[in-house]
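Pasting work07.txt here (compact mmCIF, N, CA and C atoms):
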```txt
# COMPACT_ATOMS: atom_id res chain seq x y z
N MET A 1 0.85 -1.18 0.00
CA MET A 1 0.00 0.00 0.00
C MET A 1 0.89 1.24 0.00
N THR A 2 0.72 2.11 -0.94
CA THR A 2 1.52 3.32 -0.99
C THR A 2 0.94 4.37 -0.05
N LYS A 3 1.75 5.35 0.25
CA LYS A 3 1.28 6.41 1.14
C LYS A 3 0.08 7.14 0.57
N ASP A 4 0.00 7.21 -0.78
CA ASP A 4 -1.11 7.90 -1.41
C ASP A 4 -2.43 7.17 -1.22
N ASN A 5 -2.39 5.86 -1.01
CA ASN A 5 -3.60 5.05 -0.86
C ASN A 5 -4.07 4.92 0.58
N ILE A 6 -3.37 5.52 1.51
CA ILE A 6 -3.71 5.38 2.92
C ILE A 6 -4.85 6.32 3.26
N VAL A 7 -5.89 5.76 3.84
CA VAL A 7 -7.01 6.57 4.31
C VAL A 7 -6.66 7.01 5.72
N LYS A 8 -6.57 8.30 5.93
CA LYS A 8 -6.20 8.82 7.25
C LYS A 8 -7.43 8.88 8.14
N MET A 9 -7.29 8.30 9.32
CA MET A 9 -8.38 8.30 10.28
C MET A 9 -8.32 9.58 11.10
N PRO A 10 -9.49 10.12 11.46
CA PRO A 10 -9.48 11.31 12.31
C PRO A 10 -8.91 10.99 13.68
N ASN A 11 -8.20 11.95 14.24
CA ASN A 11 -7.63 11.82 15.58
C ASN A 11 -6.65 10.67 15.70
N ALA A 12 -6.02 10.27 14.63
CA ALA A 12 -5.03 9.20 14.66
C ALA A 12 -3.66 9.77 14.35
N LYS A 13 -2.66 9.23 15.02
CA LYS A 13 -1.27 9.61 14.77
C LYS A 13 -0.71 8.67 13.72
N GLN A 14 -0.20 9.23 12.63
CA GLN A 14 0.40 8.43 11.56
C GLN A 14 1.81 8.05 11.99
N PHE A 15 2.17 6.79 11.80
CA PHE A 15 3.49 6.32 12.20
C PHE A 15 3.97 5.28 11.20
N GLU A 16 5.05 5.59 10.52
CA GLU A 16 5.69 4.64 9.60
C GLU A 16 6.64 3.80 10.44
N PHE A 17 6.39 2.52 10.49
CA PHE A 17 7.11 1.63 11.40
C PHE A 17 7.57 0.39 10.65
N GLY A 18 8.83 0.37 10.29
CA GLY A 18 9.39 -0.81 9.65
C GLY A 18 8.64 -1.25 8.40
N GLY A 19 8.20 -0.30 7.61
CA GLY A 19 7.46 -0.61 6.39
C GLY A 19 5.96 -0.66 6.55
N LEU A 20 5.47 -0.60 7.78
CA LEU A 20 4.02 -0.54 8.02
C LEU A 20 3.60 0.91 8.19
N ASN A 21 2.46 1.24 7.66
CA ASN A 21 1.89 2.57 7.86
C ASN A 21 0.77 2.43 8.89
N LEU A 22 1.10 2.75 10.13
CA LEU A 22 0.15 2.56 11.22
C LEU A 22 -0.58 3.86 11.51
N GLN A 23 -1.81 3.71 11.94
CA GLN A 23 -2.60 4.83 12.44
C GLN A 23 -2.89 4.52 13.90
N LEU A 24 -2.33 5.32 14.77
CA LEU A 24 -2.40 5.06 16.20
C LEU A 24 -3.39 5.98 16.88
N ARG A 25 -4.20 5.39 17.73
CA ARG A 25 -5.16 6.18 18.51
C ARG A 25 -5.43 5.40 19.80
N LEU A 26 -5.35 6.11 20.90
CA LEU A 26 -5.67 5.52 22.20
C LEU A 26 -7.03 6.03 22.64
N ASP A 27 -8.03 5.18 22.50
CA ASP A 27 -9.35 5.51 23.02
C ASP A 27 -9.59 4.63 24.25
N GLY A 28 -10.72 4.79 24.88
CA GLY A 28 -11.00 4.04 26.11
C GLY A 28 -10.91 2.55 25.92
N ASN A 29 -11.46 2.04 24.84
CA ASN A 29 -11.46 0.60 24.59
C ASN A 29 -10.04 0.07 24.40
N SER A 30 -9.23 0.77 23.61
CA SER A 30 -7.86 0.29 23.39
C SER A 30 -7.03 0.38 24.66
N ILE A 31 -7.25 1.39 25.48
CA ILE A 31 -6.51 1.52 26.74
C ILE A 31 -6.84 0.33 27.65
N LEU A 32 -8.12 -0.01 27.75
CA LEU A 32 -8.51 -1.15 28.59
C LEU A 32 -7.89 -2.45 28.11
N LYS A 33 -7.89 -2.67 26.80
CA LYS A 33 -7.30 -3.89 26.24
C LYS A 33 -5.79 -3.95 26.49
N ILE A 34 -5.11 -2.83 26.30
CA ILE A 34 -3.66 -2.78 26.51
C ILE A 34 -3.34 -3.07 27.97
N GLU A 35 -4.05 -2.41 28.89
CA GLU A 35 -3.76 -2.59 30.31
C GLU A 35 -4.10 -4.00 30.77
N LYS A 36 -5.13 -4.59 30.21
CA LYS A 36 -5.45 -5.97 30.56
C LYS A 36 -4.33 -6.90 30.10
N ARG A 37 -3.83 -6.67 28.91
CA ARG A 37 -2.77 -7.51 28.37
C ARG A 37 -1.46 -7.32 29.15
N LEU A 38 -1.17 -6.09 29.55
CA LEU A 38 0.04 -5.80 30.31
C LEU A 38 -0.08 -6.19 31.78
N ASP A 39 -1.31 -6.31 32.26
CA ASP A 39 -1.60 -6.58 33.66
C ASP A 39 -1.09 -5.45 34.57
N GLU A 40 -1.10 -4.23 34.04
CA GLU A 40 -0.77 -3.03 34.81
C GLU A 40 -1.21 -1.82 34.00
N SER A 41 -1.23 -0.68 34.66
CA SER A 41 -1.63 0.53 33.95
C SER A 41 -0.53 0.96 32.99
N ILE A 42 -0.90 1.69 31.97
CA ILE A 42 0.09 2.19 31.03
C ILE A 42 1.05 3.13 31.74
N MET A 43 0.54 3.98 32.61
CA MET A 43 1.41 4.90 33.36
C MET A 43 2.38 4.13 34.25
N GLY A 44 1.94 2.99 34.76
CA GLY A 44 2.81 2.17 35.61
C GLY A 44 4.04 1.68 34.89
N LEU A 45 3.98 1.61 33.58
CA LEU A 45 5.15 1.18 32.81
C LEU A 45 6.28 2.20 32.87
N PHE A 46 5.93 3.45 33.10
CA PHE A 46 6.89 4.54 33.02
C PHE A 46 7.35 5.04 34.39
N LEU A 47 6.76 4.51 35.46
CA LEU A 47 7.10 5.00 36.80
C LEU A 47 7.53 3.86 37.71
N LYS A 48 8.61 4.09 38.47
CA LYS A 48 9.04 3.15 39.50
C LYS A 48 8.21 3.41 40.75
N GLY A 49 8.38 2.58 41.75
CA GLY A 49 7.61 2.68 42.98
C GLY A 49 7.68 4.03 43.67
N GLN A 50 8.81 4.71 43.60
CA GLN A 50 8.98 5.99 44.27
C GLN A 50 8.70 7.17 43.35
N GLY A 51 8.04 6.91 42.20
CA GLY A 51 7.69 7.98 41.28
C GLY A 51 8.79 8.36 40.30
N GLU A 52 9.90 7.62 40.32
CA GLU A 52 10.97 7.90 39.38
C GLU A 52 10.60 7.35 38.01
N MET A 53 11.11 8.01 36.98
CA MET A 53 10.84 7.57 35.61
C MET A 53 11.65 6.32 35.30
N LYS A 54 11.08 5.46 34.46
CA LYS A 54 11.81 4.30 33.98
C LYS A 54 11.42 4.04 32.53
N LEU A 55 12.28 3.33 31.83
CA LEU A 55 12.01 2.95 30.46
C LEU A 55 11.39 1.56 30.46
N PRO A 56 10.22 1.41 29.86
CA PRO A 56 9.61 0.09 29.81
C PRO A 56 10.35 -0.82 28.84
N ALA A 57 10.18 -2.12 29.03
CA ALA A 57 10.76 -3.11 28.12
C ALA A 57 10.17 -2.92 26.73
N THR A 58 10.97 -3.23 25.72
CA THR A 58 10.56 -3.03 24.34
C THR A 58 9.30 -3.83 24.00
N ASN A 59 9.18 -5.06 24.51
CA ASN A 59 7.98 -5.84 24.20
C ASN A 59 6.73 -5.15 24.72
N LYS A 60 6.83 -4.43 25.82
CA LYS A 60 5.68 -3.70 26.36
C LYS A 60 5.35 -2.49 25.49
N LEU A 61 6.37 -1.85 24.93
CA LEU A 61 6.12 -0.75 24.00
C LEU A 61 5.42 -1.27 22.75
N LEU A 62 5.81 -2.46 22.30
CA LEU A 62 5.18 -3.06 21.13
C LEU A 62 3.72 -3.44 21.41
N ILE A 63 3.43 -3.83 22.65
CA ILE A 63 2.04 -4.13 23.03
C ILE A 63 1.20 -2.85 22.96
N ILE A 64 1.75 -1.74 23.43
CA ILE A 64 1.04 -0.46 23.32
C ILE A 64 0.84 -0.10 21.86
N LEU A 65 1.88 -0.27 21.06
CA LEU A 65 1.78 0.03 19.63
C LEU A 65 0.71 -0.81 18.96
N GLN A 66 0.69 -2.10 19.23
CA GLN A 66 -0.31 -2.99 18.64
C GLN A 66 -1.71 -2.61 19.12
N GLY A 67 -1.86 -2.31 20.41
CA GLY A 67 -3.16 -1.96 20.95
C GLY A 67 -3.71 -0.64 20.45
N ALA A 68 -2.81 0.30 20.15
CA ALA A 68 -3.23 1.61 19.67
C ALA A 68 -3.45 1.62 18.16
N ASN A 69 -2.94 0.61 17.47
CA ASN A 69 -3.04 0.58 16.01
C ASN A 69 -4.48 0.42 15.55
N GLN A 70 -4.88 1.30 14.63
CA GLN A 70 -6.23 1.26 14.07
C GLN A 70 -6.22 0.78 12.62
N THR A 71 -5.03 0.47 12.09
CA THR A 71 -4.91 -0.01 10.71
C THR A 71 -5.35 -1.46 10.65
N SER A 72 -6.21 -1.78 9.72
CA SER A 72 -6.76 -3.13 9.61
C SER A 72 -5.71 -4.15 9.19
N ASN A 73 -5.93 -5.39 9.62
CA ASN A 73 -5.14 -6.55 9.19
C ASN A 73 -3.66 -6.46 9.51
N VAL A 74 -3.31 -5.88 10.65
CA VAL A 74 -1.92 -5.86 11.10
C VAL A 74 -1.85 -6.76 12.33
N SER A 75 -1.18 -7.89 12.16
CA SER A 75 -1.10 -8.87 13.24
C SER A 75 0.06 -8.56 14.18
N GLU A 76 0.09 -9.28 15.29
CA GLU A 76 1.19 -9.14 16.23
C GLU A 76 2.51 -9.53 15.54
N LYS A 77 2.48 -10.57 14.72
CA LYS A 77 3.68 -10.98 13.98
C LYS A 77 4.14 -9.87 13.05
N ASP A 78 3.20 -9.18 12.41
CA ASP A 78 3.54 -8.05 11.54
C ASP A 78 4.28 -6.97 12.32
N ILE A 79 3.81 -6.69 13.54
CA ILE A 79 4.43 -5.68 14.40
C ILE A 79 5.85 -6.11 14.77
N VAL A 80 6.02 -7.37 15.16
CA VAL A 80 7.34 -7.88 15.54
C VAL A 80 8.30 -7.83 14.35
N ASP A 81 7.83 -8.27 13.18
CA ASP A 81 8.67 -8.22 11.98
C ASP A 81 9.03 -6.78 11.62
N ALA A 82 8.07 -5.88 11.74
CA ALA A 82 8.31 -4.46 11.44
C ALA A 82 9.33 -3.88 12.42
N PHE A 83 9.29 -4.33 13.66
CA PHE A 83 10.26 -3.86 14.64
C PHE A 83 11.67 -4.25 14.22
N GLY A 84 11.84 -5.47 13.72
CA GLY A 84 13.16 -5.89 13.22
C GLY A 84 13.63 -5.00 12.08
N ARG A 85 12.73 -4.67 11.17
CA ARG A 85 13.09 -3.78 10.05
C ARG A 85 13.37 -2.36 10.55
N TYR A 86 12.59 -1.91 11.51
CA TYR A 86 12.76 -0.58 12.10
C TYR A 86 14.17 -0.45 12.68
N MET A 87 14.60 -1.47 13.41
CA MET A 87 15.94 -1.47 14.00
C MET A 87 17.01 -1.58 12.91
N ALA A 88 16.77 -2.43 11.90
CA ALA A 88 17.74 -2.61 10.81
C ALA A 88 17.91 -1.33 10.00
N ASN A 89 16.90 -0.47 10.01
CA ASN A 89 16.96 0.80 9.28
C ASN A 89 17.60 1.92 10.09
N GLY A 90 18.23 1.57 11.20
CA GLY A 90 18.99 2.56 11.96
C GLY A 90 18.25 3.21 13.11
N HIS A 91 17.02 2.79 13.36
CA HIS A 91 16.30 3.34 14.51
C HIS A 91 16.71 2.59 15.78
N SER A 92 16.37 3.16 16.90
CA SER A 92 16.70 2.55 18.19
C SER A 92 15.44 2.35 19.02
N THR A 93 15.60 1.64 20.12
CA THR A 93 14.47 1.48 21.03
C THR A 93 14.08 2.82 21.65
N MET A 94 15.04 3.75 21.76
CA MET A 94 14.72 5.09 22.27
C MET A 94 13.85 5.83 21.26
N ASP A 95 14.06 5.61 19.97
CA ASP A 95 13.19 6.21 18.95
C ASP A 95 11.76 5.72 19.12
N LEU A 96 11.62 4.41 19.35
CA LEU A 96 10.29 3.84 19.56
C LEU A 96 9.67 4.39 20.84
N PHE A 97 10.47 4.48 21.90
CA PHE A 97 10.00 5.04 23.16
C PHE A 97 9.48 6.47 22.94
N THR A 98 10.22 7.26 22.17
CA THR A 98 9.82 8.65 21.90
C THR A 98 8.49 8.70 21.16
N GLU A 99 8.30 7.83 20.17
CA GLU A 99 7.04 7.79 19.43
C GLU A 99 5.87 7.41 20.35
N ILE A 100 6.08 6.41 21.20
CA ILE A 100 5.03 5.99 22.14
C ILE A 100 4.76 7.11 23.13
N ASN A 101 5.80 7.75 23.61
CA ASN A 101 5.65 8.86 24.56
C ASN A 101 4.84 9.99 23.93
N ASP A 102 5.12 10.31 22.65
CA ASP A 102 4.36 11.34 21.94
C ASP A 102 2.89 10.94 21.82
N LEU A 103 2.64 9.68 21.50
CA LEU A 103 1.26 9.18 21.40
C LEU A 103 0.54 9.34 22.73
N LEU A 104 1.20 8.97 23.82
CA LEU A 104 0.59 9.10 25.15
C LEU A 104 0.32 10.56 25.49
N ALA A 105 1.26 11.43 25.16
CA ALA A 105 1.08 12.86 25.43
C ALA A 105 -0.10 13.41 24.64
N GLU A 106 -0.19 13.05 23.36
CA GLU A 106 -1.29 13.51 22.52
C GLU A 106 -2.64 12.98 23.00
N SER A 107 -2.60 11.82 23.66
CA SER A 107 -3.83 11.19 24.15
C SER A 107 -4.23 11.69 25.53
N GLY A 108 -3.42 12.56 26.12
CA GLY A 108 -3.76 13.16 27.40
C GLY A 108 -3.30 12.39 28.62
N PHE A 109 -2.40 11.43 28.46
CA PHE A 109 -1.93 10.65 29.60
C PHE A 109 -1.14 11.45 30.60
N PHE A 110 -0.53 12.53 30.16
CA PHE A 110 0.30 13.32 31.06
C PHE A 110 -0.41 14.60 31.48
N GLY A 111 -1.72 14.63 31.34
CA GLY A 111 -2.51 15.80 31.69
C GLY A 111 -2.59 16.77 30.54
N LYS A 112 -3.45 17.73 30.69
CA LYS A 112 -3.61 18.75 29.65
C LYS A 112 -2.48 19.76 29.79
N GLU A 113 -2.00 20.22 28.66
CA GLU A 113 -0.95 21.24 28.69
C GLU A 113 -1.55 22.56 29.13
N ALA A 114 -0.84 23.23 30.00
CA ALA A 114 -1.30 24.55 30.45
C ALA A 114 -1.18 25.54 29.31
N LYS A 115 -2.23 26.30 29.12
CA LYS A 115 -2.19 27.32 28.07
C LYS A 115 -1.29 28.45 28.54
N GLU A 116 -0.53 28.95 27.59
CA GLU A 116 0.37 30.05 27.92
C GLU A 116 -0.44 31.28 28.27
N LYS A 117 0.04 31.97 29.30
CA LYS A 117 -0.62 33.22 29.69
C LYS A 117 -0.11 34.32 28.78
N THR A 118 -1.01 35.16 28.37
CA THR A 118 -0.59 36.29 27.53
C THR A 118 -0.50 37.53 28.40
N GLU A 119 0.46 38.36 28.06
CA GLU A 119 0.64 39.59 28.83
C GLU A 119 -0.42 40.60 28.43
N THR A 120 -0.86 41.37 29.43
CA THR A 120 -1.89 42.38 29.16
C THR A 120 -1.37 43.79 29.38
N ASN A 121 -0.07 43.94 29.58
CA ASN A 121 0.53 45.26 29.83
C ASN A 121 -0.12 45.95 31.03
N GLY A 122 -0.52 45.18 32.02
CA GLY A 122 -1.10 45.74 33.22
C GLY A 122 -2.57 46.08 33.11
N GLU A 123 -3.14 45.96 31.94
CA GLU A 123 -4.55 46.26 31.78
C GLU A 123 -5.38 45.04 32.16
N SER A 124 -6.52 45.31 32.76
CA SER A 124 -7.40 44.25 33.18
C SER A 124 -8.62 44.20 32.28
N LEU A 125 -9.11 43.01 32.07
CA LEU A 125 -10.33 42.85 31.30
C LEU A 125 -11.56 42.87 32.20
N ASP A 126 -11.33 43.02 33.51
CA ASP A 126 -12.43 43.11 34.45
C ASP A 126 -13.18 44.41 34.23
N SER A 127 -14.46 44.44 34.63
CA SER A 127 -15.26 45.65 34.43
C SER A 127 -14.84 46.76 35.38
N GLU A 128 -14.28 46.41 36.52
CA GLU A 128 -13.85 47.43 37.47
C GLU A 128 -12.33 47.53 37.44
N PRO A 129 -11.81 48.73 37.64
CA PRO A 129 -10.34 48.85 37.65
C PRO A 129 -9.74 48.07 38.82
N VAL A 130 -8.57 47.55 38.59
CA VAL A 130 -7.89 46.76 39.62
C VAL A 130 -7.18 47.71 40.54
N GLU A 131 -7.45 47.57 41.86
CA GLU A 131 -6.80 48.43 42.84
C GLU A 131 -5.57 47.71 43.37
N GLU A 132 -4.62 48.51 43.83
CA GLU A 132 -3.44 47.91 44.43
C GLU A 132 -3.84 47.20 45.70
N ASP A 133 -3.10 46.14 46.03
CA ASP A 133 -3.40 45.40 47.24
C ASP A 133 -3.22 46.31 48.45
N SER A 134 -4.16 46.20 49.37
CA SER A 134 -4.10 46.99 50.60
C SER A 134 -3.08 46.38 51.54
N LEU A 135 -2.44 47.23 52.31
CA LEU A 135 -1.52 46.74 53.32
C LEU A 135 -2.25 46.29 54.57
N LEU A 136 -3.54 46.58 54.68
CA LEU A 136 -4.31 46.21 55.87
C LEU A 136 -4.96 44.88 55.72
```

Render the structure in this file as structure tokens.
Amino acid sequence: MTKDNIVKMPNAKQFEFGGLNLQLRLDGNSILKIEKRLDESIMGLFLKGQGEMKLPATNKLLIILQGANQTSNVSEKDIVDAFGRYMANGHSTMDLFTEINDLLAESGFFGKEAKEKTETNGESLDSEPVEEDSLL
């Protein structure tokens, strides 16, 4: 399948992985399936007992990748074979970790990003003028 023939799914992250064109999306159903298969929460893969960050095993990253994949007819064997090609093409497990991390961030696993505050040059949008704080 060429890139031109790929139907892009809404809200899916496109990921070229070892010759496969995957469309990744983490919805409620896929999260439940992944966590059931892992026998732990997805966040638990990235945190040690004391809240320190850790890198999950590659097979667990591949389970997340398979569970998030929305492209039809991609088997677990296809994912494993693609991983071999991905590595043979000069990528690393850290590259895969980064892609999974981006997917999790886009899916809201790390919370919503705080919107940047814009400066107002001291002007208030309130209907009443802002008074200086009282010392009393």

Q: Between atom CA of Leu45 of chain A and atom CA of Ala88 of chain A, measure the distance and give it in Å to one decimal.
A: 25.6 Å

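The spacing separating atom CA of Thr71 of chain A from atom CA of Phe15 of chain A amounts to 10.6 Å.
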
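Between Leu24 of chain A and the candidates A:Gln50, A:Asn101, A:Gln70, A:Ser92, the tightest atom-to-atom separation, counting only C-alpha atoms, involves A:Gln70.
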
Q. Closest to Leu65 of chain A among A:Lys77, A:Lys48, A:Lys36, A:Arg25, using only C-alpha atoms?
A. A:Arg25

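Among A:Ile42, A:Leu26, A:Ile100, A:Ile63, the residue with the shortest atom-to-atom distance to Val80 of chain A, counting only C-alpha atoms, is A:Ile63.
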
Complete the atoms of segment 42-65 of chain A to N, CA, C and O atoms and put them out as a PDB file, keeping the file's coordinate frame.
```pdb
ATOM      1  N   ILE A  42      -0.900   1.690  31.970  1.00  0.00           N
ATOM      2  CA  ILE A  42       0.090   2.190  31.030  1.00  0.00           C
ATOM      3  C   ILE A  42       1.050   3.130  31.740  1.00  0.00           C
ATOM      4  O   ILE A  42       2.261   3.071  31.535  1.00  0.00           O
ATOM      5  N   MET A  43       0.540   3.980  32.610  1.00  0.00           N
ATOM      6  CA  MET A  43       1.410   4.900  33.360  1.00  0.00           C
ATOM      7  C   MET A  43       2.380   4.130  34.250  1.00  0.00           C
ATOM      8  O   MET A  43       3.508   4.571  34.452  1.00  0.00           O
ATOM      9  N   GLY A  44       1.940   2.990  34.760  1.00  0.00           N
ATOM     10  CA  GLY A  44       2.810   2.170  35.610  1.00  0.00           C
ATOM     11  C   GLY A  44       4.040   1.680  34.890  1.00  0.00           C
ATOM     12  O   GLY A  44       5.056   1.356  35.530  1.00  0.00           O
ATOM     13  N   LEU A  45       3.980   1.610  33.580  1.00  0.00           N
ATOM     14  CA  LEU A  45       5.150   1.180  32.810  1.00  0.00           C
ATOM     15  C   LEU A  45       6.280   2.200  32.870  1.00  0.00           C
ATOM     16  O   LEU A  45       7.443   1.858  32.694  1.00  0.00           O
ATOM     17  N   PHE A  46       5.930   3.450  33.100  1.00  0.00           N
ATOM     18  CA  PHE A  46       6.890   4.540  33.020  1.00  0.00           C
ATOM     19  C   PHE A  46       7.350   5.040  34.390  1.00  0.00           C
ATOM     20  O   PHE A  46       8.208   5.906  34.456  1.00  0.00           O
ATOM     21  N   LEU A  47       6.760   4.510  35.460  1.00  0.00           N
ATOM     22  CA  LEU A  47       7.100   5.000  36.800  1.00  0.00           C
ATOM     23  C   LEU A  47       7.530   3.860  37.710  1.00  0.00           C
ATOM     24  O   LEU A  47       6.892   2.809  37.757  1.00  0.00           O
ATOM     25  N   LYS A  48       8.610   4.090  38.470  1.00  0.00           N
ATOM     26  CA  LYS A  48       9.040   3.150  39.500  1.00  0.00           C
ATOM     27  C   LYS A  48       8.210   3.410  40.750  1.00  0.00           C
ATOM     28  O   LYS A  48       7.446   4.368  40.823  1.00  0.00           O
ATOM     29  N   GLY A  49       8.380   2.580  41.750  1.00  0.00           N
ATOM     30  CA  GLY A  49       7.610   2.680  42.980  1.00  0.00           C
ATOM     31  C   GLY A  49       7.680   4.030  43.670  1.00  0.00           C
ATOM     32  O   GLY A  49       6.725   4.476  44.285  1.00  0.00           O
ATOM     33  N   GLN A  50       8.810   4.710  43.600  1.00  0.00           N
ATOM     34  CA  GLN A  50       8.980   5.990  44.270  1.00  0.00           C
ATOM     35  C   GLN A  50       8.700   7.170  43.350  1.00  0.00           C
ATOM     36  O   GLN A  50       9.061   8.303  43.646  1.00  0.00           O
ATOM     37  N   GLY A  51       8.040   6.910  42.200  1.00  0.00           N
ATOM     38  CA  GLY A  51       7.690   7.980  41.280  1.00  0.00           C
ATOM     39  C   GLY A  51       8.790   8.360  40.300  1.00  0.00           C
ATOM     40  O   GLY A  51       8.643   9.310  39.546  1.00  0.00           O
ATOM     41  N   GLU A  52       9.900   7.620  40.320  1.00  0.00           N
ATOM     42  CA  GLU A  52      10.970   7.900  39.380  1.00  0.00           C
ATOM     43  C   GLU A  52      10.600   7.350  38.010  1.00  0.00           C
ATOM     44  O   GLU A  52       9.886   6.383  37.898  1.00  0.00           O
ATOM     45  N   MET A  53      11.110   8.010  36.980  1.00  0.00           N
ATOM     46  CA  MET A  53      10.840   7.570  35.610  1.00  0.00           C
ATOM     47  C   MET A  53      11.650   6.320  35.300  1.00  0.00           C
ATOM     48  O   MET A  53      12.751   6.145  35.799  1.00  0.00           O
ATOM     49  N   LYS A  54      11.080   5.460  34.460  1.00  0.00           N
ATOM     50  CA  LYS A  54      11.810   4.300  33.980  1.00  0.00           C
ATOM     51  C   LYS A  54      11.420   4.040  32.530  1.00  0.00           C
ATOM     52  O   LYS A  54      10.382   4.501  32.057  1.00  0.00           O
ATOM     53  N   LEU A  55      12.280   3.330  31.830  1.00  0.00           N
ATOM     54  CA  LEU A  55      12.010   2.950  30.460  1.00  0.00           C
ATOM     55  C   LEU A  55      11.390   1.560  30.460  1.00  0.00           C
ATOM     56  O   LEU A  55      11.990   0.623  30.987  1.00  0.00           O
ATOM     57  N   PRO A  56      10.220   1.410  29.860  1.00  0.00           N
ATOM     58  CA  PRO A  56       9.610   0.090  29.810  1.00  0.00           C
ATOM     59  C   PRO A  56      10.350  -0.820  28.840  1.00  0.00           C
ATOM     60  O   PRO A  56      11.055  -0.363  27.935  1.00  0.00           O
ATOM     61  N   ALA A  57      10.180  -2.120  29.030  1.00  0.00           N
ATOM     62  CA  ALA A  57      10.760  -3.110  28.120  1.00  0.00           C
ATOM     63  C   ALA A  57      10.170  -2.920  26.730  1.00  0.00           C
ATOM     64  O   ALA A  57       9.023  -2.510  26.567  1.00  0.00           O
ATOM     65  N   THR A  58      10.970  -3.230  25.720  1.00  0.00           N
ATOM     66  CA  THR A  58      10.560  -3.030  24.340  1.00  0.00           C
ATOM     67  C   THR A  58       9.300  -3.830  24.000  1.00  0.00           C
ATOM     68  O   THR A  58       8.422  -3.323  23.297  1.00  0.00           O
ATOM     69  N   ASN A  59       9.180  -5.060  24.510  1.00  0.00           N
ATOM     70  CA  ASN A  59       7.980  -5.840  24.200  1.00  0.00           C
ATOM     71  C   ASN A  59       6.730  -5.150  24.720  1.00  0.00           C
ATOM     72  O   ASN A  59       5.666  -5.227  24.098  1.00  0.00           O
ATOM     73  N   LYS A  60       6.830  -4.430  25.820  1.00  0.00           N
ATOM     74  CA  LYS A  60       5.680  -3.700  26.360  1.00  0.00           C
ATOM     75  C   LYS A  60       5.350  -2.490  25.490  1.00  0.00           C
ATOM     76  O   LYS A  60       4.174  -2.162  25.302  1.00  0.00           O
ATOM     77  N   LEU A  61       6.370  -1.850  24.930  1.00  0.00           N
ATOM     78  CA  LEU A  61       6.120  -0.750  24.000  1.00  0.00           C
ATOM     79  C   LEU A  61       5.420  -1.270  22.750  1.00  0.00           C
ATOM     80  O   LEU A  61       4.510  -0.624  22.225  1.00  0.00           O
ATOM     81  N   LEU A  62       5.810  -2.460  22.300  1.00  0.00           N
ATOM     82  CA  LEU A  62       5.180  -3.060  21.130  1.00  0.00           C
ATOM     83  C   LEU A  62       3.720  -3.440  21.410  1.00  0.00           C
ATOM     84  O   LEU A  62       2.869  -3.350  20.527  1.00  0.00           O
ATOM     85  N   ILE A  63       3.430  -3.830  22.650  1.00  0.00           N
ATOM     86  CA  ILE A  63       2.040  -4.130  23.030  1.00  0.00           C
ATOM     87  C   ILE A  63       1.200  -2.850  22.960  1.00  0.00           C
ATOM     88  O   ILE A  63       0.068  -2.865  22.465  1.00  0.00           O
ATOM     89  N   ILE A  64       1.750  -1.740  23.430  1.00  0.00           N
ATOM     90  CA  ILE A  64       1.040  -0.460  23.320  1.00  0.00           C
ATOM     91  C   ILE A  64       0.840  -0.100  21.860  1.00  0.00           C
ATOM     92  O   ILE A  64      -0.263   0.305  21.453  1.00  0.00           O
ATOM     93  N   LEU A  65       1.880  -0.270  21.060  1.00  0.00           N
ATOM     94  CA  LEU A  65       1.780   0.030  19.630  1.00  0.00           C
ATOM     95  C   LEU A  65       0.710  -0.810  18.960  1.00  0.00           C
ATOM     96  O   LEU A  65      -0.128  -0.281  18.222  1.00  0.00           O
TER      97      LEU A  65
END
```
